[in-house]
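A.B. asks: Contents of target-v8.cif (mmCIF, N, CA and C atoms):
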data_run
loop_
_atom_site.label_atom_id
_atom_site.label_comp_id
_atom_site.auth_asym_id
_atom_site.auth_seq_id
_atom_site.Cartn_x
_atom_site.Cartn_y
_atom_site.Cartn_z
N HIS G 1 68.53 39.18 122.50
CA HIS G 1 68.53 38.70 123.87
C HIS G 1 69.98 38.55 124.33
N ALA G 2 70.34 39.18 125.41
CA ALA G 2 71.70 39.08 125.95
C ALA G 2 71.65 38.44 127.33
N GLU G 3 72.57 37.52 127.57
CA GLU G 3 72.65 36.87 128.87
C GLU G 3 73.35 37.75 129.90
N GLY G 4 74.22 38.63 129.42
CA GLY G 4 74.93 39.49 130.36
C GLY G 4 75.73 40.54 129.64
N ILE G 5 76.06 41.60 130.36
CA ILE G 5 76.85 42.70 129.82
C ILE G 5 77.91 43.06 130.85
N LEU G 6 79.13 43.29 130.39
CA LEU G 6 80.23 43.71 131.26
C LEU G 6 80.54 45.16 130.99
N VAL G 7 80.45 46.00 132.00
CA VAL G 7 80.85 47.41 131.89
C VAL G 7 82.02 47.60 132.83
N ASP G 8 83.11 48.15 132.30
CA ASP G 8 84.33 48.31 133.09
C ASP G 8 84.84 49.73 132.94
N ILE G 9 85.15 50.36 134.04
CA ILE G 9 85.74 51.69 134.03
C ILE G 9 87.03 51.61 134.81
N GLY G 10 88.14 52.03 134.20
CA GLY G 10 89.43 51.98 134.87
C GLY G 10 90.53 51.64 133.90
N MET G 11 91.75 51.56 134.41
CA MET G 11 92.91 51.31 133.56
C MET G 11 93.14 49.82 133.29
N GLU G 12 92.77 48.98 134.20
CA GLU G 12 92.95 47.54 134.05
C GLU G 12 91.59 46.88 133.83
N PRO G 13 91.51 45.99 132.84
CA PRO G 13 90.22 45.33 132.61
C PRO G 13 89.85 44.42 133.78
N ASN G 14 88.58 44.41 134.10
CA ASN G 14 88.06 43.59 135.18
C ASN G 14 87.66 42.22 134.60
N THR G 15 88.65 41.38 134.35
CA THR G 15 88.40 40.10 133.69
C THR G 15 88.69 38.90 134.59
N GLU G 16 89.00 39.15 135.83
CA GLU G 16 89.33 38.05 136.76
C GLU G 16 88.23 36.99 136.79
N PHE G 17 86.98 37.41 136.73
CA PHE G 17 85.87 36.46 136.80
C PHE G 17 85.78 35.56 135.56
N LEU G 18 86.50 35.91 134.50
CA LEU G 18 86.50 35.11 133.28
C LEU G 18 87.58 34.04 133.26
N LYS G 19 88.43 34.04 134.27
CA LYS G 19 89.62 33.21 134.31
C LYS G 19 89.40 31.74 133.92
N ASN G 20 88.35 31.12 134.38
CA ASN G 20 88.09 29.71 134.08
C ASN G 20 87.03 29.52 133.01
N ILE G 21 86.65 30.62 132.34
CA ILE G 21 85.60 30.56 131.33
C ILE G 21 86.17 30.82 129.93
N ILE G 22 86.99 31.86 129.83
CA ILE G 22 87.58 32.28 128.56
C ILE G 22 89.09 32.31 128.73
N PRO G 23 89.84 31.81 127.75
CA PRO G 23 91.30 31.91 127.85
C PRO G 23 91.75 33.37 127.91
N LEU G 24 92.60 33.69 128.88
CA LEU G 24 93.15 35.04 129.02
C LEU G 24 94.65 35.00 128.81
N ASP G 25 95.21 36.12 128.35
CA ASP G 25 96.67 36.17 128.20
C ASP G 25 97.31 36.50 129.55
N SER G 26 98.61 36.69 129.57
CA SER G 26 99.32 36.94 130.84
C SER G 26 98.94 38.28 131.48
N HIS G 27 98.29 39.16 130.71
CA HIS G 27 97.84 40.46 131.25
C HIS G 27 96.34 40.45 131.54
N GLN G 28 95.76 39.25 131.57
CA GLN G 28 94.33 39.05 131.86
C GLN G 28 93.42 39.67 130.80
N ARG G 29 93.87 39.65 129.56
CA ARG G 29 93.08 40.20 128.46
C ARG G 29 92.58 39.06 127.56
N VAL G 30 91.52 39.35 126.80
CA VAL G 30 90.81 38.36 126.01
C VAL G 30 91.22 38.45 124.53
N ARG G 31 91.41 37.29 123.91
CA ARG G 31 91.68 37.24 122.47
C ARG G 31 90.36 37.06 121.74
N VAL G 32 90.17 37.84 120.67
CA VAL G 32 88.99 37.73 119.82
C VAL G 32 89.41 37.72 118.36
N ASN G 33 88.49 37.29 117.50
CA ASN G 33 88.74 37.38 116.07
C ASN G 33 88.21 38.73 115.56
N GLU G 34 88.21 38.92 114.26
CA GLU G 34 87.79 40.21 113.71
C GLU G 34 86.32 40.52 113.94
N MET G 35 85.53 39.51 114.29
CA MET G 35 84.11 39.71 114.58
C MET G 35 83.83 39.81 116.08
N MET G 36 84.88 39.91 116.88
CA MET G 36 84.81 40.06 118.34
C MET G 36 84.39 38.79 119.05
N GLN G 37 84.50 37.64 118.38
CA GLN G 37 84.18 36.35 118.99
C GLN G 37 85.41 35.84 119.74
N THR G 38 85.17 35.31 120.92
CA THR G 38 86.24 34.69 121.70
C THR G 38 86.44 33.26 121.24
N ASP G 39 87.34 32.55 121.89
CA ASP G 39 87.56 31.13 121.60
C ASP G 39 86.41 30.27 122.09
N VAL G 40 85.51 30.83 122.89
CA VAL G 40 84.35 30.11 123.41
C VAL G 40 83.14 30.43 122.52
N PRO G 41 82.51 29.41 121.96
CA PRO G 41 81.36 29.65 121.07
C PRO G 41 80.29 30.52 121.72
N TYR G 42 79.77 31.48 120.95
CA TYR G 42 78.69 32.37 121.36
C TYR G 42 79.07 33.37 122.45
N VAL G 43 80.37 33.53 122.69
CA VAL G 43 80.84 34.52 123.67
C VAL G 43 81.68 35.55 122.93
N PHE G 44 81.32 36.82 123.12
CA PHE G 44 81.97 37.94 122.47
C PHE G 44 82.59 38.83 123.53
N ALA G 45 83.61 39.58 123.13
CA ALA G 45 84.25 40.53 124.06
C ALA G 45 84.62 41.79 123.28
N VAL G 46 84.63 42.92 123.98
CA VAL G 46 84.95 44.20 123.34
C VAL G 46 85.70 45.11 124.32
N GLY G 47 86.26 46.17 123.78
CA GLY G 47 86.83 47.24 124.60
C GLY G 47 88.14 46.91 125.26
N ASP G 48 88.34 47.48 126.44
CA ASP G 48 89.61 47.36 127.16
C ASP G 48 89.98 45.94 127.54
N ALA G 49 89.02 45.03 127.53
CA ALA G 49 89.30 43.64 127.90
C ALA G 49 90.08 42.90 126.83
N LEU G 50 90.19 43.48 125.63
CA LEU G 50 90.84 42.80 124.52
C LEU G 50 92.35 42.93 124.53
N ILE G 51 93.00 41.90 124.02
CA ILE G 51 94.44 41.96 123.79
C ILE G 51 94.71 43.09 122.79
N ASN G 52 95.72 43.88 123.05
CA ASN G 52 96.13 44.99 122.19
C ASN G 52 95.12 46.13 122.11
N SER G 53 94.18 46.20 123.04
CA SER G 53 93.24 47.32 123.04
C SER G 53 93.98 48.61 123.37
N PRO G 54 93.72 49.69 122.61
CA PRO G 54 94.36 50.96 122.94
C PRO G 54 93.73 51.62 124.16
N GLY G 55 92.64 51.06 124.68
CA GLY G 55 92.01 51.60 125.87
C GLY G 55 91.31 52.93 125.64
N GLN G 56 90.77 53.11 124.46
CA GLN G 56 90.08 54.34 124.11
C GLN G 56 88.59 54.06 123.91
N VAL G 57 87.76 54.99 124.35
CA VAL G 57 86.31 54.82 124.21
C VAL G 57 85.91 54.63 122.75
N VAL G 58 86.52 55.40 121.88
CA VAL G 58 86.14 55.33 120.47
C VAL G 58 86.37 53.94 119.89
N THR G 59 87.44 53.27 120.25
CA THR G 59 87.66 51.92 119.74
C THR G 59 86.72 50.92 120.41
N ALA G 60 86.41 51.13 121.67
CA ALA G 60 85.47 50.25 122.36
C ALA G 60 84.08 50.34 121.72
N VAL G 61 83.69 51.54 121.32
CA VAL G 61 82.40 51.72 120.66
C VAL G 61 82.38 50.97 119.33
N GLY G 62 83.47 51.08 118.57
CA GLY G 62 83.56 50.34 117.32
C GLY G 62 83.52 48.84 117.54
N ASP G 63 84.24 48.38 118.57
CA ASP G 63 84.21 46.96 118.92
C ASP G 63 82.79 46.52 119.24
N GLY G 64 82.08 47.34 120.00
CA GLY G 64 80.71 47.01 120.38
C GLY G 64 79.79 46.91 119.17
N ALA G 65 79.96 47.84 118.22
CA ALA G 65 79.16 47.80 117.00
C ALA G 65 79.46 46.53 116.20
N THR G 66 80.72 46.19 116.10
CA THR G 66 81.12 44.97 115.38
C THR G 66 80.52 43.74 116.06
N ALA G 67 80.61 43.67 117.38
CA ALA G 67 80.05 42.53 118.11
C ALA G 67 78.54 42.45 117.94
N ALA G 68 77.85 43.58 117.97
CA ALA G 68 76.40 43.58 117.81
C ALA G 68 75.99 43.04 116.44
N ILE G 69 76.70 43.46 115.40
CA ILE G 69 76.42 42.96 114.06
C ILE G 69 76.72 41.46 113.98
N SER G 70 77.80 41.04 114.61
CA SER G 70 78.16 39.62 114.61
C SER G 70 77.10 38.78 115.30
N VAL G 71 76.61 39.25 116.43
CA VAL G 71 75.56 38.52 117.16
C VAL G 71 74.29 38.45 116.32
N GLN G 72 73.93 39.57 115.70
CA GLN G 72 72.73 39.58 114.86
C GLN G 72 72.85 38.56 113.73
N ARG G 73 73.98 38.52 113.07
CA ARG G 73 74.19 37.56 111.98
C ARG G 73 74.16 36.12 112.50
N LEU G 74 74.76 35.90 113.65
CA LEU G 74 74.77 34.57 114.25
C LEU G 74 73.34 34.11 114.55
N LEU G 75 72.54 35.00 115.11
CA LEU G 75 71.16 34.65 115.44
C LEU G 75 70.30 34.42 114.20
N GLN G 76 70.59 35.14 113.13
CA GLN G 76 69.83 34.94 111.90
C GLN G 76 70.14 33.59 111.26
N GLN G 77 71.32 33.05 111.54
CA GLN G 77 71.72 31.75 110.98
C GLN G 77 71.06 30.59 111.72
N ARG G 78 70.57 30.83 112.91
CA ARG G 78 70.01 29.77 113.74
C ARG G 78 68.64 29.37 113.30
#
As structure tokens - that is how I would like this structure written.

C.D. replies:
Amino acid sequence: HAEGILVDIGMEPNTEFLKNIIPLDSHQRVRVNEMMQTDVPYVFAVGDALINSPGQVVTAVGDGATAAISVQRLLQQR
């Protein structure tokens, strides 16, 4: 079950709406851990929105797979 999905196409991540929800760096990008979890519990981020993202589809796909596995594990623990 997902509460929402962010799809972004372009050179700059569309993260303005996250400004008061998730801490962003000076370039409006999101920090995550190795499991794609943000500093906000139960909130994950992937792709171009991440700090140090190379902005490539292939890395975004890998990020998405990592986040999906992380969410699955989190839900199994509940």

A.B. asks: Translate the PyMOL selection byres ((chain G and resi 11-22) around 8) into a concrete residue list for this structure, as a VMD selection string.

C.D. replies: chain G and resid 7 to 10 23 to 25 27 to 31 38 to 40 47 to 50 55

A.B. asks: Just to be explicit: take each residue in the selection above, keep N, CA and C atoms, and write the result as an mmCIF file, in the coordinates of the input.

C.D. replies:
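Done, and the output landed in selection_32.cif:
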data_model
loop_
_atom_site.group_PDB
_atom_site.id
_atom_site.type_symbol
_atom_site.label_atom_id
_atom_site.label_comp_id
_atom_site.auth_asym_id
_atom_site.auth_seq_id
_atom_site.Cartn_x
_atom_site.Cartn_y
_atom_site.Cartn_z
ATOM 1 N N VAL G 7 80.450 46.000 132.000
ATOM 2 C CA VAL G 7 80.850 47.410 131.890
ATOM 3 C C VAL G 7 82.020 47.600 132.830
ATOM 4 N N ASP G 8 83.110 48.150 132.300
ATOM 5 C CA ASP G 8 84.330 48.310 133.090
ATOM 6 C C ASP G 8 84.840 49.730 132.940
ATOM 7 N N ILE G 9 85.150 50.360 134.040
ATOM 8 C CA ILE G 9 85.740 51.690 134.030
ATOM 9 C C ILE G 9 87.030 51.610 134.810
ATOM 10 N N GLY G 10 88.140 52.030 134.200
ATOM 11 C CA GLY G 10 89.430 51.980 134.870
ATOM 12 C C GLY G 10 90.530 51.640 133.900
ATOM 13 N N PRO G 23 89.840 31.810 127.750
ATOM 14 C CA PRO G 23 91.300 31.910 127.850
ATOM 15 C C PRO G 23 91.750 33.370 127.910
ATOM 16 N N LEU G 24 92.600 33.690 128.880
ATOM 17 C CA LEU G 24 93.150 35.040 129.020
ATOM 18 C C LEU G 24 94.650 35.000 128.810
ATOM 19 N N ASP G 25 95.210 36.120 128.350
ATOM 20 C CA ASP G 25 96.670 36.170 128.200
ATOM 21 C C ASP G 25 97.310 36.500 129.550
ATOM 22 N N HIS G 27 98.290 39.160 130.710
ATOM 23 C CA HIS G 27 97.840 40.460 131.250
ATOM 24 C C HIS G 27 96.340 40.450 131.540
ATOM 25 N N GLN G 28 95.760 39.250 131.570
ATOM 26 C CA GLN G 28 94.330 39.050 131.860
ATOM 27 C C GLN G 28 93.420 39.670 130.800
ATOM 28 N N ARG G 29 93.870 39.650 129.560
ATOM 29 C CA ARG G 29 93.080 40.200 128.460
ATOM 30 C C ARG G 29 92.580 39.060 127.560
ATOM 31 N N VAL G 30 91.520 39.350 126.800
ATOM 32 C CA VAL G 30 90.810 38.360 126.010
ATOM 33 C C VAL G 30 91.220 38.450 124.530
ATOM 34 N N ARG G 31 91.410 37.290 123.910
ATOM 35 C CA ARG G 31 91.680 37.240 122.470
ATOM 36 C C ARG G 31 90.360 37.060 121.740
ATOM 37 N N THR G 38 85.170 35.310 120.920
ATOM 38 C CA THR G 38 86.240 34.690 121.700
ATOM 39 C C THR G 38 86.440 33.260 121.240
ATOM 40 N N ASP G 39 87.340 32.550 121.890
ATOM 41 C CA ASP G 39 87.560 31.130 121.600
ATOM 42 C C ASP G 39 86.410 30.270 122.090
ATOM 43 N N VAL G 40 85.510 30.830 122.890
ATOM 44 C CA VAL G 40 84.350 30.110 123.410
ATOM 45 C C VAL G 40 83.140 30.430 122.520
ATOM 46 N N GLY G 47 86.260 46.170 123.780
ATOM 47 C CA GLY G 47 86.830 47.240 124.600
ATOM 48 C C GLY G 47 88.140 46.910 125.260
ATOM 49 N N ASP G 48 88.340 47.480 126.440
ATOM 50 C CA ASP G 48 89.610 47.360 127.160
ATOM 51 C C ASP G 48 89.980 45.940 127.540
ATOM 52 N N ALA G 49 89.020 45.030 127.530
ATOM 53 C CA ALA G 49 89.300 43.640 127.900
ATOM 54 C C ALA G 49 90.080 42.900 126.830
ATOM 55 N N LEU G 50 90.190 43.480 125.630
ATOM 56 C CA LEU G 50 90.840 42.800 124.520
ATOM 57 C C LEU G 50 92.350 42.930 124.530
ATOM 58 N N GLY G 55 92.640 51.060 124.680
ATOM 59 C CA GLY G 55 92.010 51.600 125.870
ATOM 60 C C GLY G 55 91.310 52.930 125.640
#

A.B. asks: Within 12 Å of Asn33 (chain G), counting only C-alpha atoms, which residues qualify if same-chain residues fewer than 3 places away don't, as a list in words?

C.D. replies: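 Skipping anything fewer than 3 positions along the chain leaves Val30, Met36, Gln37, Thr38, Asp39, Val40, Pro41, Val43, Phe44, Ala45, Val46, Leu50, Ile51, Asp63, Thr66, Ala67 and Ser70 of chain G.
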
A.B. asks: What parts of chain G does DSSP call helix (DSSP H, G or I)? I'd like the answer as a list in words.

C.D. replies: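 These are the residues in question: Glu16, Phe17, Leu18, Gly47, Asp48, Ala49, Val57, Val58, Thr59, Ala60, Val61, Gly62, Asp63, Gly64, Ala65, Thr66, Ala67, Ala68, Ile69, Ser70, Val71, Gln72, Arg73, Leu74, Leu75, Gln76 and Gln77 of chain G.
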
A.B. asks: May I ask which of the residues G:Ile5, G:Tyr42, G:Gln77, G:Met35 is the closest one to Gly62 (chain G), counting only C-alpha atoms?

C.D. replies: G:Met35

A.B. asks: Name the residues of chain G that fall into strand (DSSP E or B) according to DSSP on the backbone, using the chain letters and numbers of this document, as a list in words.

C.D. replies: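 Checking each residue of chain G, the strand (DSSP E or B) ones are Leu24, Val30, Gln37, Phe44 and Leu50 of chain G.
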
A.B. asks: Please output region 24-35 of chain G, rebuilt to include all heavy atoms, as a PDB file, keeping the file's coordinate frame.

C.D. replies:
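What landed in out.pdb:
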ATOM      1  N   LEU G  24      92.600  33.690 128.880  1.00  0.00           N
ATOM      2  CA  LEU G  24      93.150  35.040 129.020  1.00  0.00           C
ATOM      3  C   LEU G  24      94.650  35.000 128.810  1.00  0.00           C
ATOM      4  O   LEU G  24      95.288  33.988 129.080  1.00  0.00           O
ATOM      5  CB  LEU G  24      92.852  35.590 130.427  1.00  0.00           C
ATOM      6  CG  LEU G  24      91.379  35.644 130.844  1.00  0.00           C
ATOM      7  CD1 LEU G  24      91.259  36.061 132.304  1.00  0.00           C
ATOM      8  CD2 LEU G  24      90.600  36.586 129.953  1.00  0.00           C
ATOM      9  N   ASP G  25      95.210  36.120 128.350  1.00  0.00           N
ATOM     10  CA  ASP G  25      96.670  36.170 128.200  1.00  0.00           C
ATOM     11  C   ASP G  25      97.310  36.500 129.550  1.00  0.00           C
ATOM     12  O   ASP G  25      96.613  36.590 130.569  1.00  0.00           O
ATOM     13  CB  ASP G  25      97.084  37.144 127.096  1.00  0.00           C
ATOM     14  CG  ASP G  25      96.940  38.603 127.471  1.00  0.00           C
ATOM     15  OD1 ASP G  25      96.429  38.924 128.567  1.00  0.00           O
ATOM     16  OD2 ASP G  25      97.351  39.448 126.654  1.00  0.00           O
ATOM     17  N   SER G  26      98.610  36.690 129.570  1.00  0.00           N
ATOM     18  CA  SER G  26      99.320  36.940 130.840  1.00  0.00           C
ATOM     19  C   SER G  26      98.940  38.280 131.480  1.00  0.00           C
ATOM     20  O   SER G  26      99.218  38.500 132.648  1.00  0.00           O
ATOM     21  CB  SER G  26     100.827  36.886 130.607  1.00  0.00           C
ATOM     22  OG  SER G  26     101.217  37.886 129.682  1.00  0.00           O
ATOM     23  N   HIS G  27      98.290  39.160 130.710  1.00  0.00           N
ATOM     24  CA  HIS G  27      97.840  40.460 131.250  1.00  0.00           C
ATOM     25  C   HIS G  27      96.340  40.450 131.540  1.00  0.00           C
ATOM     26  O   HIS G  27      95.726  41.500 131.708  1.00  0.00           O
ATOM     27  CB  HIS G  27      98.169  41.574 130.257  1.00  0.00           C
ATOM     28  CG  HIS G  27      99.629  41.701 129.985  1.00  0.00           C
ATOM     29  ND1 HIS G  27     100.518  42.228 130.897  1.00  0.00           N
ATOM     30  CD2 HIS G  27     100.361  41.344 128.911  1.00  0.00           C
ATOM     31  CE1 HIS G  27     101.741  42.196 130.381  1.00  0.00           C
ATOM     32  NE2 HIS G  27     101.669  41.654 129.180  1.00  0.00           N
ATOM     33  N   GLN G  28      95.760  39.250 131.570  1.00  0.00           N
ATOM     34  CA  GLN G  28      94.330  39.050 131.860  1.00  0.00           C
ATOM     35  C   GLN G  28      93.420  39.670 130.800  1.00  0.00           C
ATOM     36  O   GLN G  28      92.331  40.141 131.094  1.00  0.00           O
ATOM     37  CB  GLN G  28      93.979  39.596 133.256  1.00  0.00           C
ATOM     38  CG  GLN G  28      94.792  39.009 134.375  1.00  0.00           C
ATOM     39  CD  GLN G  28      94.677  37.486 134.415  1.00  0.00           C
ATOM     40  OE1 GLN G  28      93.577  36.950 134.519  1.00  0.00           O
ATOM     41  NE2 GLN G  28      95.776  36.788 134.314  1.00  0.00           N
ATOM     42  N   ARG G  29      93.870  39.650 129.560  1.00  0.00           N
ATOM     43  CA  ARG G  29      93.080  40.200 128.460  1.00  0.00           C
ATOM     44  C   ARG G  29      92.580  39.060 127.560  1.00  0.00           C
ATOM     45  O   ARG G  29      93.134  37.977 127.537  1.00  0.00           O
ATOM     46  CB  ARG G  29      93.890  41.209 127.670  1.00  0.00           C
ATOM     47  CG  ARG G  29      94.231  42.414 128.540  1.00  0.00           C
ATOM     48  CD  ARG G  29      94.913  43.499 127.771  1.00  0.00           C
ATOM     49  NE  ARG G  29      95.351  44.553 128.653  1.00  0.00           N
ATOM     50  CZ  ARG G  29      94.652  45.633 128.941  1.00  0.00           C
ATOM     51  NH1 ARG G  29      93.462  45.802 128.412  1.00  0.00           N
ATOM     52  NH2 ARG G  29      95.137  46.553 129.749  1.00  0.00           N
ATOM     53  N   VAL G  30      91.520  39.350 126.800  1.00  0.00           N
ATOM     54  CA  VAL G  30      90.810  38.360 126.010  1.00  0.00           C
ATOM     55  C   VAL G  30      91.220  38.450 124.530  1.00  0.00           C
ATOM     56  O   VAL G  30      91.303  39.538 123.982  1.00  0.00           O
ATOM     57  CB  VAL G  30      89.284  38.580 126.121  1.00  0.00           C
ATOM     58  CG1 VAL G  30      88.509  37.542 125.317  1.00  0.00           C
ATOM     59  CG2 VAL G  30      88.844  38.573 127.575  1.00  0.00           C
ATOM     60  N   ARG G  31      91.410  37.290 123.910  1.00  0.00           N
ATOM     61  CA  ARG G  31      91.680  37.240 122.470  1.00  0.00           C
ATOM     62  C   ARG G  31      90.360  37.060 121.740  1.00  0.00           C
ATOM     63  O   ARG G  31      89.524  36.238 122.128  1.00  0.00           O
ATOM     64  CB  ARG G  31      92.606  36.069 122.153  1.00  0.00           C
ATOM     65  CG  ARG G  31      92.888  35.942 120.665  1.00  0.00           C
ATOM     66  CD  ARG G  31      93.762  34.769 120.353  1.00  0.00           C
ATOM     67  NE  ARG G  31      93.307  33.630 121.142  1.00  0.00           N
ATOM     68  CZ  ARG G  31      93.993  32.519 121.314  1.00  0.00           C
ATOM     69  NH1 ARG G  31      95.160  32.376 120.762  1.00  0.00           N
ATOM     70  NH2 ARG G  31      93.524  31.531 122.038  1.00  0.00           N
ATOM     71  N   VAL G  32      90.170  37.840 120.670  1.00  0.00           N
ATOM     72  CA  VAL G  32      88.990  37.730 119.820  1.00  0.00           C
ATOM     73  C   VAL G  32      89.410  37.720 118.360  1.00  0.00           C
ATOM     74  O   VAL G  32      90.529  38.112 118.022  1.00  0.00           O
ATOM     75  CB  VAL G  32      87.994  38.902 120.045  1.00  0.00           C
ATOM     76  CG1 VAL G  32      87.418  38.884 121.442  1.00  0.00           C
ATOM     77  CG2 VAL G  32      88.634  40.243 119.741  1.00  0.00           C
ATOM     78  N   ASN G  33      88.490  37.290 117.500  1.00  0.00           N
ATOM     79  CA  ASN G  33      88.740  37.380 116.070  1.00  0.00           C
ATOM     80  C   ASN G  33      88.210  38.730 115.560  1.00  0.00           C
ATOM     81  O   ASN G  33      87.777  39.564 116.362  1.00  0.00           O
ATOM     82  CB  ASN G  33      88.130  36.181 115.321  1.00  0.00           C
ATOM     83  CG  ASN G  33      86.616  36.132 115.402  1.00  0.00           C
ATOM     84  OD1 ASN G  33      85.938  37.109 115.736  1.00  0.00           O
ATOM     85  ND2 ASN G  33      86.055  34.976 115.098  1.00  0.00           N
ATOM     86  N   GLU G  34      88.210  38.920 114.260  1.00  0.00           N
ATOM     87  CA  GLU G  34      87.790  40.210 113.710  1.00  0.00           C
ATOM     88  C   GLU G  34      86.320  40.520 113.940  1.00  0.00           C
ATOM     89  O   GLU G  34      85.882  41.660 113.804  1.00  0.00           O
ATOM     90  CB  GLU G  34      88.126  40.288 112.211  1.00  0.00           C
ATOM     91  CG  GLU G  34      87.352  39.330 111.330  1.00  0.00           C
ATOM     92  CD  GLU G  34      87.919  37.910 111.333  1.00  0.00           C
ATOM     93  OE1 GLU G  34      88.992  37.656 111.907  1.00  0.00           O
ATOM     94  OE2 GLU G  34      87.263  37.026 110.740  1.00  0.00           O
ATOM     95  N   MET G  35      85.530  39.510 114.290  1.00  0.00           N
ATOM     96  CA  MET G  35      84.110  39.710 114.580  1.00  0.00           C
ATOM     97  C   MET G  35      83.830  39.810 116.080  1.00  0.00           C
ATOM     98  O   MET G  35      82.702  39.751 116.505  1.00  0.00           O
ATOM     99  CB  MET G  35      83.293  38.577 113.950  1.00  0.00           C
ATOM    100  CG  MET G  35      83.452  38.504 112.419  1.00  0.00           C
ATOM    101  SD  MET G  35      83.209  40.083 111.556  1.00  0.00           S
ATOM    102  CE  MET G  35      81.481  40.327 111.796  1.00  0.00           C
TER     103      MET G  35
END
